[in-house]
>>> print(open('structure_20.tsv').read())   # TSV, C-alpha atoms and all ligand atoms
chain	number	residue	atom	x	y	z
A	90	MET	CA	2.96	9.55	-42.37
A	91	ARG	CA	5.76	11.95	-41.63
A	92	PHE	CA	6.34	15.62	-41.11
A	93	PRO	CA	5.14	17.92	-42.62
A	94	MET	CA	1.99	15.87	-43.27
A	95	TYR	CA	1.88	14.48	-39.76
A	96	ARG	CA	2.19	17.01	-36.97
A	97	PRO	CA	1.69	15.44	-33.53
A	98	ARG	CA	1.33	18.91	-32.02
A	99	ARG	CA	-2.14	19.20	-33.63
A	100	LEU	CA	-3.58	17.01	-30.87
A	101	ARG	CA	-1.92	19.04	-28.14
A	102	ARG	CA	-3.28	22.42	-29.09
A	103	ASN	CA	-5.60	22.93	-26.17
A	104	LYS	CA	-6.75	21.26	-22.98
A	105	VAL	CA	-9.99	19.87	-24.37
A	106	ILE	CA	-8.27	18.21	-27.33
A	107	ARG	CA	-5.59	16.84	-25.02
A	108	GLU	CA	-8.24	15.40	-22.75
A	109	MET	CA	-10.03	13.81	-25.73
A	110	VAL	CA	-6.96	11.81	-26.65
A	111	ALA	CA	-5.71	11.13	-23.13
A	112	GLU	CA	-4.89	7.42	-22.86
A	113	THR	CA	-4.94	7.30	-19.08
A	114	VAL	CA	-7.42	8.95	-16.75
A	115	LEU	CA	-7.07	9.10	-12.97
A	116	THR	CA	-10.12	9.00	-10.76
A	117	PRO	CA	-10.51	8.95	-6.98
A	118	ARG	CA	-11.70	5.34	-7.44
A	119	ASP	CA	-8.10	4.37	-8.18
A	120	PHE	CA	-6.89	5.26	-4.70
A	121	ILE	CA	-6.49	3.43	-1.44
A	122	LEU	CA	-5.65	5.59	1.57
A	123	PRO	CA	-3.21	4.14	4.14
A	124	LEU	CA	-4.01	4.99	7.77
A	125	PHE	CA	-1.91	4.50	10.91
A	126	VAL	CA	-4.14	3.43	13.76
A	127	ILE	CA	-2.90	3.78	17.32
A	128	TYR	CA	-4.42	2.54	20.58
A	129	GLY	CA	-6.39	4.94	22.73
A	130	ARG	CA	-9.12	7.51	22.11
A	131	GLY	CA	-8.89	11.07	20.90
A	132	VAL	CA	-5.26	10.52	19.90
A	133	GLU	CA	-3.83	12.31	16.90
A	134	ASN	CA	-0.02	12.30	16.69
A	135	PRO	CA	1.21	14.07	13.57
A	136	ILE	CA	4.00	12.20	11.75
A	137	PRO	CA	6.80	14.74	11.22
A	138	SER	CA	8.23	13.14	8.07
A	139	MET	CA	4.80	12.72	6.48
A	140	PRO	CA	3.05	16.10	6.60
A	141	GLY	CA	-0.74	15.70	6.52
A	142	HIS	CA	-0.64	12.26	8.16
A	143	SER	CA	-0.98	11.28	11.79
A	144	GLN	CA	-1.24	8.26	13.98
A	145	LEU	CA	-4.96	8.21	14.72
A	146	SER	CA	-6.94	6.38	17.37
A	147	PRO	CA	-9.67	4.11	15.95
A	148	GLU	CA	-12.58	6.56	16.11
A	149	LEU	CA	-10.51	9.35	14.48
A	150	ALA	CA	-9.32	6.93	11.81
A	151	ALA	CA	-13.00	6.21	11.15
A	152	SER	CA	-13.80	9.92	10.78
A	153	ARG	CA	-10.97	10.29	8.32
A	154	ALA	CA	-12.13	7.22	6.41
A	155	LEU	CA	-15.63	8.67	6.21
A	156	GLU	CA	-14.27	11.92	4.76
A	157	ALA	CA	-12.19	9.97	2.26
A	158	ARG	CA	-15.27	8.01	1.22
A	159	GLY	CA	-17.03	11.33	0.67
A	160	LEU	CA	-14.25	12.25	-1.77
A	161	GLY	CA	-14.90	9.07	-3.76
A	162	ILE	CA	-12.00	7.04	-2.36
A	163	PRO	CA	-13.15	3.41	-2.14
A	164	GLY	CA	-10.59	1.86	0.20
A	165	VAL	CA	-8.36	2.29	3.22
A	166	MET	CA	-5.36	0.22	4.28
A	167	LEU	CA	-4.88	-0.06	8.04
A	168	PHE	CA	-1.58	-0.32	9.89
A	169	GLY	CA	-1.63	-0.83	13.65
A	170	ILE	CA	0.48	0.71	16.37
A	171	PRO	CA	-0.14	-1.46	19.43
A	172	GLU	CA	0.18	-0.53	23.08
A	173	ARG	CA	2.54	-3.44	23.77
A	174	LYS	CA	5.14	-5.19	21.67
A	175	ASP	CA	6.85	-8.49	22.37
A	176	GLU	CA	9.24	-10.92	20.69
A	177	VAL	CA	6.47	-12.74	18.81
A	178	GLY	CA	4.09	-9.87	18.08
A	179	SER	CA	1.25	-11.36	20.09
A	180	SER	CA	-0.66	-8.06	20.33
A	181	ALA	CA	-1.34	-8.40	16.58
A	182	LEU	CA	-3.95	-11.00	17.53
A	183	ASP	CA	-5.71	-8.90	20.18
A	184	PRO	CA	-9.42	-8.63	19.31
A	185	SER	CA	-9.40	-5.17	20.89
A	186	GLY	CA	-6.17	-4.06	19.21
A	187	PRO	CA	-6.20	-0.75	17.30
A	188	VAL	CA	-6.72	-2.31	13.86
A	189	GLN	CA	-9.47	-4.64	15.04
A	190	LEU	CA	-11.28	-1.72	16.72
A	191	ALA	CA	-10.77	0.59	13.75
A	192	ILE	CA	-12.27	-1.97	11.38
A	193	LYS	CA	-15.47	-1.94	13.43
A	194	GLU	CA	-15.55	1.86	13.78
A	195	ILE	CA	-14.99	2.40	10.06
A	196	LYS	CA	-17.61	-0.15	9.03
A	197	ASP	CA	-20.07	1.56	11.41
A	198	LYS	CA	-19.42	5.06	10.07
A	199	ALA	CA	-18.78	4.26	6.41
A	200	PRO	CA	-20.24	0.82	5.69
A	201	ASP	CA	-19.30	0.78	2.01
A	202	MET	CA	-15.66	1.75	2.59
A	203	VAL	CA	-13.50	-1.24	1.65
A	204	VAL	CA	-11.39	-1.86	4.74
A	205	ILE	CA	-8.13	-3.61	3.95
A	206	THR	CA	-5.68	-4.62	6.66
A	207	ASP	CA	-1.94	-4.96	6.51
A	208	VAL	CA	-0.92	-8.38	7.77
A	209	CYS	CA	2.66	-8.23	9.05
A	210	LEU	CA	4.33	-8.45	12.43
A	211	CYS	CA	6.91	-5.66	12.22
A	212	GLU	CA	4.77	-3.10	14.05
A	213	TYR	CA	4.08	-5.60	16.82
A	214	THR	CA	7.52	-7.05	17.55
A	215	THR	CA	10.13	-5.55	19.88
A	216	HIS	CA	12.88	-6.34	17.34
A	217	GLY	CA	10.90	-4.73	14.48
A	218	HIS	CA	11.29	-7.66	12.09
A	219	CYS	CA	8.33	-8.98	10.09
A	220	GLY	CA	8.23	-12.37	11.77
A	221	ILE	CA	9.39	-14.69	14.54
A	222	ILE	CA	13.13	-14.57	15.19
A	223	LYS	CA	15.21	-17.73	15.55
A	224	GLY	CA	18.87	-16.96	16.11
A	225	ARG	CA	19.50	-13.86	13.99
A	226	ASP	CA	17.02	-14.72	11.25
A	227	VAL	CA	13.28	-14.64	10.70
A	228	ASP	CA	11.87	-18.16	10.88
A	229	ASN	CA	9.61	-18.49	7.87
A	230	ASP	CA	7.37	-21.36	8.86
A	231	ALA	CA	6.92	-20.30	12.48
A	232	THR	CA	5.88	-16.87	11.21
A	233	LEU	CA	3.21	-18.35	8.95
A	234	GLU	CA	1.35	-19.62	12.01
A	235	VAL	CA	1.09	-16.14	13.50
A	236	LEU	CA	0.20	-14.51	10.17
A	237	ARG	CA	-2.69	-16.97	9.77
A	238	GLU	CA	-4.03	-16.02	13.18
A	239	MET	CA	-3.57	-12.33	12.47
A	240	ALA	CA	-5.48	-12.50	9.17
A	241	LEU	CA	-8.24	-14.48	10.88
A	242	SER	CA	-8.45	-11.92	13.66
A	243	HIS	CA	-8.92	-9.14	11.09
A	244	ALA	CA	-11.57	-11.15	9.26
A	245	ARG	CA	-13.41	-11.77	12.54
A	246	ALA	CA	-13.31	-8.04	13.25
A	247	GLY	CA	-15.06	-7.49	9.92
A	248	CYS	CA	-12.42	-6.36	7.42
A	249	ASP	CA	-13.19	-6.63	3.70
A	250	MET	CA	-9.75	-7.73	2.50
A	251	VAL	CA	-6.40	-8.75	3.97
A	252	SER	CA	-3.03	-7.75	2.64
A	253	PRO	CA	0.08	-9.67	3.73
A	254	SER	CA	3.23	-7.51	3.50
A	255	ASP	CA	5.73	-9.68	5.35
A	256	MET	CA	7.29	-11.49	2.33
A	257	MET	CA	7.44	-14.90	4.02
A	258	ASP	CA	7.30	-17.80	1.57
A	259	GLY	CA	3.95	-19.57	1.50
A	260	ARG	CA	1.99	-16.95	3.39
A	261	VAL	CA	-0.72	-16.45	0.80
A	262	ALA	CA	-1.58	-20.16	0.81
A	263	ALA	CA	-1.45	-20.23	4.61
A	264	ILE	CA	-3.80	-17.25	4.93
A	265	ARG	CA	-6.13	-18.49	2.16
A	266	GLY	CA	-6.33	-21.82	3.98
A	267	VAL	CA	-7.29	-20.41	7.35
A	268	LEU	CA	-9.82	-17.98	5.89
A	269	ASP	CA	-11.49	-20.74	3.88
A	270	GLU	CA	-11.60	-23.12	6.85
A	271	SER	CA	-13.14	-20.47	9.06
A	272	GLY	CA	-16.02	-19.28	6.91
A	273	TYR	CA	-14.23	-16.38	5.21
A	274	SER	CA	-13.79	-17.78	1.72
A	275	HIS	CA	-15.31	-14.53	0.39
A	276	ILE	CA	-12.50	-12.35	1.79
A	277	PRO	CA	-9.97	-11.47	-0.95
A	278	ILE	CA	-6.21	-11.37	-0.48
A	279	MET	CA	-4.25	-8.45	-1.88
A	280	SER	CA	-0.71	-9.71	-1.65
A	281	TYR	CA	2.39	-7.54	-1.48
A	282	SER	CA	3.88	-9.91	-4.05
A	283	ALA	CA	6.89	-7.99	-5.34
A	284	LYS	CA	7.97	-6.03	-2.31
A	285	TYR	CA	11.52	-4.77	-2.55
A	286	ALA	CA	13.98	-4.17	0.28
A	287	SER	CA	13.76	-0.41	-0.17
A	288	ALA	CA	15.15	2.66	1.53
A	289	PHE	CA	11.95	4.46	0.51
A	290	TYR	CA	10.15	2.97	3.53
A	291	GLY	CA	12.05	5.23	5.94
A	292	PRO	CA	9.24	7.63	6.92
A	293	PHE	CA	6.77	4.74	7.31
A	294	ARG	CA	9.04	3.08	9.84
A	295	GLU	CA	9.01	6.28	11.86
A	296	ALA	CA	5.22	6.45	11.52
A	297	ALA	CA	4.68	2.83	12.50
A	298	GLY	CA	7.62	2.44	14.89
A	299	SER	CA	8.84	-0.59	12.95
A	300	THR	CA	12.53	-0.01	12.22
A	301	PRO	CA	14.39	-3.32	12.64
A	302	GLY	CA	16.41	-3.31	15.87
A	303	PHE	CA	19.22	-5.29	14.22
A	304	GLY	CA	20.10	-6.14	10.64
A	305	ASP	CA	17.79	-5.33	7.75
A	306	ARG	CA	14.99	-6.90	5.71
A	307	LYS	CA	17.11	-8.06	2.80
A	308	GLY	CA	16.75	-11.70	3.80
A	309	TYR	CA	13.04	-11.60	3.02
A	310	GLN	CA	12.23	-8.55	0.88
A	311	MET	CA	13.31	-8.55	-2.78
A	312	ASP	CA	16.60	-7.37	-4.18
A	313	PRO	CA	16.22	-4.23	-6.38
A	314	PRO	CA	18.17	-5.56	-9.41
A	315	ASN	CA	15.66	-8.34	-10.06
A	316	SER	CA	12.59	-8.40	-12.25
A	317	GLU	CA	12.38	-12.07	-13.36
A	318	GLU	CA	12.24	-12.91	-9.67
A	319	ALA	CA	9.40	-10.42	-9.22
A	320	LEU	CA	7.43	-12.32	-11.83
A	321	ARG	CA	8.11	-15.61	-10.03
A	322	GLU	CA	6.96	-14.10	-6.73
A	323	VAL	CA	3.80	-12.82	-8.35
A	324	MET	CA	3.05	-16.17	-10.05
A	325	LEU	CA	3.58	-18.03	-6.78
A	326	ASP	CA	1.15	-15.72	-5.00
A	327	ILE	CA	-1.43	-16.18	-7.74
A	328	GLU	CA	-1.05	-19.97	-7.52
A	329	GLU	CA	-1.46	-19.72	-3.75
A	330	GLY	CA	-4.70	-17.77	-4.12
A	331	ALA	CA	-3.91	-14.05	-4.30
A	332	ASP	CA	-6.74	-12.02	-5.84
A	333	ILE	CA	-4.80	-8.78	-6.32
A	334	VAL	CA	-1.01	-8.59	-6.64
A	335	MET	CA	1.00	-5.61	-5.50
A	336	VAL	CA	4.29	-4.07	-6.52
A	337	LYS	CA	6.02	-1.91	-3.95
A	338	PRO	CA	7.48	0.74	-4.00
A	339	ALA	CA	5.93	2.23	-7.14
A	340	LEU	CA	8.19	4.82	-8.75
A	341	PRO	CA	11.55	3.01	-8.85
A	342	TYR	CA	9.66	-0.12	-10.02
A	343	LEU	CA	7.32	1.13	-12.76
A	344	ASP	CA	8.87	-1.43	-15.12
A	345	ILE	CA	7.83	-4.19	-12.74
A	346	ILE	CA	4.26	-2.87	-12.56
A	347	ARG	CA	4.08	-2.94	-16.36
A	348	ARG	CA	5.47	-6.49	-16.62
A	349	VAL	CA	3.19	-7.83	-13.92
A	350	LYS	CA	0.16	-6.27	-15.61
A	351	GLU	CA	1.08	-7.64	-19.03
A	352	GLU	CA	2.12	-11.09	-17.93
A	353	THR	CA	-0.61	-11.89	-15.42
A	354	GLY	CA	-3.76	-10.09	-16.46
A	355	TYR	CA	-4.55	-9.88	-12.73
A	356	PRO	CA	-5.57	-6.70	-10.93
A	357	VAL	CA	-2.31	-4.96	-10.05
A	358	ALA	CA	-1.88	-2.63	-7.11
A	359	ALA	CA	1.08	-0.33	-6.64
A	360	TYR	CA	2.19	1.24	-3.37
A	361	ASN	CA	3.36	4.82	-3.74
A	362	VAL	CA	5.30	4.52	-0.49
A	363	SER	CA	6.13	6.91	2.31
A	364	GLY	CA	9.54	8.01	0.99
A	365	GLU	CA	8.02	8.82	-2.41
A	366	TYR	CA	5.45	10.98	-0.61
A	367	SER	CA	7.88	12.68	1.74
A	368	MET	CA	10.34	13.61	-1.01
A	369	ILE	CA	7.63	15.51	-2.87
A	370	LYS	CA	6.36	17.16	0.31
A	371	ALA	CA	9.86	18.22	1.36
A	372	ALA	CA	10.84	19.64	-2.02
A	373	ALA	CA	7.51	21.47	-2.21
A	374	GLN	CA	7.98	22.93	1.27
A	375	LYS	CA	11.30	24.33	0.11
A	376	GLY	CA	9.57	25.84	-2.89
A	377	TRP	CA	11.65	23.75	-5.27
A	378	ILE	CA	8.79	22.01	-7.05
A	379	ASP	CA	5.07	22.54	-7.61
A	380	GLU	CA	3.53	20.00	-5.25
A	381	GLU	CA	0.18	19.58	-7.00
A	382	LYS	CA	1.63	19.11	-10.43
A	383	VAL	CA	4.34	16.73	-9.31
A	384	MET	CA	1.78	14.72	-7.32
A	385	MET	CA	-0.59	14.36	-10.28
A	386	GLU	CA	2.23	13.50	-12.68
A	387	THR	CA	3.48	10.87	-10.25
A	388	LEU	CA	0.07	9.27	-9.83
A	389	ILE	CA	-0.68	9.18	-13.56
A	390	SER	CA	2.70	7.54	-14.19
A	391	ILE	CA	1.79	4.74	-11.80
A	392	LYS	CA	-1.58	4.20	-13.48
A	393	ARG	CA	-0.05	4.42	-16.95
A	394	ALA	CA	2.47	1.74	-15.97
A	395	GLY	CA	-0.46	-0.62	-15.34
A	396	ALA	CA	-1.65	-0.24	-11.76
A	397	GLY	CA	-5.41	-0.28	-11.37
A	398	LEU	CA	-5.17	0.33	-7.63
A	399	ILE	CA	-2.82	2.91	-6.15
A	400	LEU	CA	-2.04	3.00	-2.45
A	401	THR	CA	-1.02	6.56	-1.76
A	402	TYR	CA	-0.76	9.10	1.03
A	403	PHE	CA	-1.83	11.64	-1.59
A	404	ALA	CA	-5.24	9.97	-1.99
A	405	GLU	CA	-7.30	12.77	-0.46
A	406	ASP	CA	-5.31	15.68	-1.96
A	407	ALA	CA	-5.46	14.14	-5.44
A	408	ALA	CA	-9.15	13.25	-5.10
A	409	LYS	CA	-9.93	16.87	-4.22
A	410	ILE	CA	-8.23	18.06	-7.38
A	411	LEU	CA	-9.90	15.41	-9.54
A	412	ASN	CA	-13.31	16.28	-8.08
A	413	GLY	CA	-12.68	19.88	-9.13
B	501	LIG	C1	5.23	-3.61	6.81
B	501	LIG	C2	5.13	-2.56	5.78
B	501	LIG	C3	6.06	-1.58	5.42
B	501	LIG	C4	5.41	-0.74	4.51
B	501	LIG	C5	4.14	-1.28	4.31
B	501	LIG	N1	4.00	-2.41	5.09
B	501	LIG	C6	7.42	-1.28	5.93
B	501	LIG	C7	8.52	-2.21	5.73
B	501	LIG	O1	8.44	-3.24	5.06
B	501	LIG	O2	9.56	-1.91	6.32
B	501	LIG	C8	5.97	0.50	3.89
B	501	LIG	C9	4.97	1.48	3.42
B	501	LIG	C10	5.51	2.84	3.15
B	501	LIG	O3	6.73	3.09	3.19
B	501	LIG	O4	4.68	3.71	2.89
B	501	LIG	N2	6.00	-4.66	6.56
>>> encode(input="structure_20.tsv", output="structure tokens")
Amino acid sequence: MRFPMYRPRRLRRNKVIREMVAETVLTPRDFILPLFVIYGRGVENPIPSMPGHSQLSPELAASRALEARGLGIPGVMLFGIPERKDEVGSSALDPSGPVQLAIKEIKDKAPDMVVITDVCLCEYTTHGHCGIIKGRDVDNDATLEVLREMALSHARAGCDMVSPSDMMDGRVAAIRGVLDESGYSHIPIMSYSAKYASAFYGPFREAAGSTPGFGDRKGYQMDPPNSEEALREVMLDIEEGADIVMVKPALPYLDIIRRVKEETGYPVAAYNVSGEYSMIKAAAQKGWIDEEKVMMETLISIKRAGAGLILTYFAEDAAKILNG
């Protein structure tokens, strides 16, 4: 049917009709809120490049998680900022490290909040790389040993899910193995499967103090031109036991989200990363864009592309709008 018989504008005439035919609907249940947990008590250090977000000590992270739960947000993702860093990131394994303590505090305050932990060494190493350094490179297999221990330490502290973001080869199998051997076969793995070497992580690295001291992460994170490779990475992670696969960042990689959704049929998560958040905040602060509208349009685009789970620093702001 063609014009003038068919007039697509008929279904756009008012808000209620538009809502009736909307193909994608956002809900607070889609969101996972990332939190930066720092050692100490009563600590709240605002992150200048990420307005609305702070490094929080474990009990304050738990209060924020409880509020988020009240808004209908089902999950948080924890990043740790330890008191001490060393060459091998040993503080990542500390049972009284910030993430381990925050897991307990959150599960006490908000027992049904799904607590997911980022498993990666970059916040814990003096050089800021995601693994153990040999020469000038990250040693893949040596790093796997530490990642296994880190995931186990989070499971012991009571997390609900672990999420490796380091991009070492074989880490999903390594983590699945140690969890299964240790009585945690019920803990799912959400793998950062297609994680690109992206400049959009800038504000996060300020927030987490994880900028590499030398070189960059291009030797382990993915190269932006590639999408076939993203599919291979995702398939490998699924074969190794990933339960949820993630694409990161979200906006410059919406095509990857769509392909991963169509070609795997697995739950797909997308990480609307720090730089994507900060750009919107900055432009809004200058009065150049309408923050709320741009935020909602951004989030719906990520869901429309195929992500069922969206990690976003906008989680609470968007949930408030969706809750009316
Ligand atoms: C840790 C990690 C990073 C992010 C999530 N996990 C930073 C990086 O790889 O440099 C980025 C998240 C964001 O920018 O919001 N490896």
>>> atom_distance(input="structure_20.tsv", atom1="atom CA of Lys193 of chain A", atom2="atom CA of Val165 of chain A")
13.1 Å
>>> residues_near_ligand(input="structure_20.tsv", ligand="ligand LIG 501 (chain B)", cutoff="6 Å", atoms="all atoms listed in the file", output="PyMOL selection string")
chain A and resi 209+211+254-255+290+293+362-363
>>> atom_distance(input="structure_20.tsv", atom1="atom CA of Phe125 of chain A", atom2="atom CA of Ile346 of chain A")
25.4 Å
>>> closest_residue(input="structure_20.tsv", among="A:Ala240, A:Leu210, A:Ala408, A:Ala319", to="Ala262 of chain A", atoms="all atoms listed in the file")
A:Ala240
>>> residues_near_point(input="structure_20.tsv", point="(-17.4, 18.1, -7.8)", cutoff="12 Å", atoms="all atoms listed in the file", output="list in words")
Pro117, Gly159, Leu160, Gly161, Ala408, Lys409, Ile410, Leu411, Asn412 and Gly413 of chain A
>>> closest_residue(input="structure_20.tsv", among="A:Ala181, A:Ser287, A:Asp249, A:Glu328", to="Glu365 of chain A", atoms="only C-alpha atoms")
A:Ser287
>>> closest_residue(input="structure_20.tsv", among="A:Val177, A:Ala358, A:Ala288, A:Ile127", to="Leu233 of chain A", atoms="only C-alpha atoms")
A:Val177
>>> closest_residue(input="structure_20.tsv", among="A:Val126, A:Leu100, A:Ala394, A:Leu155", to="Arg347 of chain A", atoms="only C-alpha atoms")
A:Ala394
>>> atom_distance(input="structure_20.tsv", atom1="atom CA of Thr214 of chain A", atom2="atom CA of Ala297 of chain A")
11.5 Å
>>> closest_atom_pairs(input="structure_20.tsv", of="segment 226-341 of chain A", to="segment 131-148 of chain A", cutoff="8 Å", atoms="all atoms listed in the file", output="JSON lines")
{"residue": "A:Pro292", "atom": "CA", "partner": "A:Ser138", "partner_atom": "CA", "distance": 5.7}
{"residue": "A:Glu295", "atom": "CA", "partner": "A:Ile136", "partner_atom": "CA", "distance": 7.8}
{"residue": "A:Ala296", "atom": "CA", "partner": "A:Ile136", "partner_atom": "CA", "distance": 5.9}
>>> closest_residue(input="structure_20.tsv", among="A:Ala396, A:Leu325, A:Val188, A:Ile106", to="Leu343 of chain A", atoms="only C-alpha atoms")
A:Ala396
>>> closest_residue(input="structure_20.tsv", among="A:Val261, A:Ala286, A:Ile378, A:Leu182", to="Ile327 of chain A", atoms="all atoms listed in the file")
A:Val261
>>> residues_around(input="structure_20.tsv", residues="Glu212 of chain A", least_positions_apart="2", cutoff="9 Å", atoms="all atoms listed in the file", output="PyMOL selection string")
chain A and resi 168-171+174+178+181+209-210+214-215+217-219+294+297-300
>>> residues_near_point(input="structure_20.tsv", point="(-10.1, -7.0, 8.8)", cutoff="10 Å", atoms="all atoms listed in the file", output="list of chain:residue names")
A:Met166, A:Leu167, A:Val188, A:Gln189, A:Leu190, A:Ala191, A:Ile192, A:Lys193, A:Val203, A:Val204, A:Ile205, A:Thr206, A:Asp207, A:Val208, A:Met239, A:Ala240, A:Leu241, A:Ser242, A:His243, A:Ala244, A:Arg245, A:Ala246, A:Gly247, A:Cys248, A:Asp249, A:Met250, A:Val251, A:Ser252, A:Ile276
>>> residues_around(input="structure_20.tsv", residues="Ala263 of chain A", least_positions_apart="2", cutoff="9 Å", atoms="only C-alpha atoms", output="count of residues only")
12
>>> residues_around(input="structure_20.tsv", residues="Val383 of chain A", least_positions_apart="2", cutoff="12 Å", atoms="all atoms listed in the file", output="PyMOL selection string")
chain A and resi 365-366+368-370+372-373+377-381+385-390+403+407
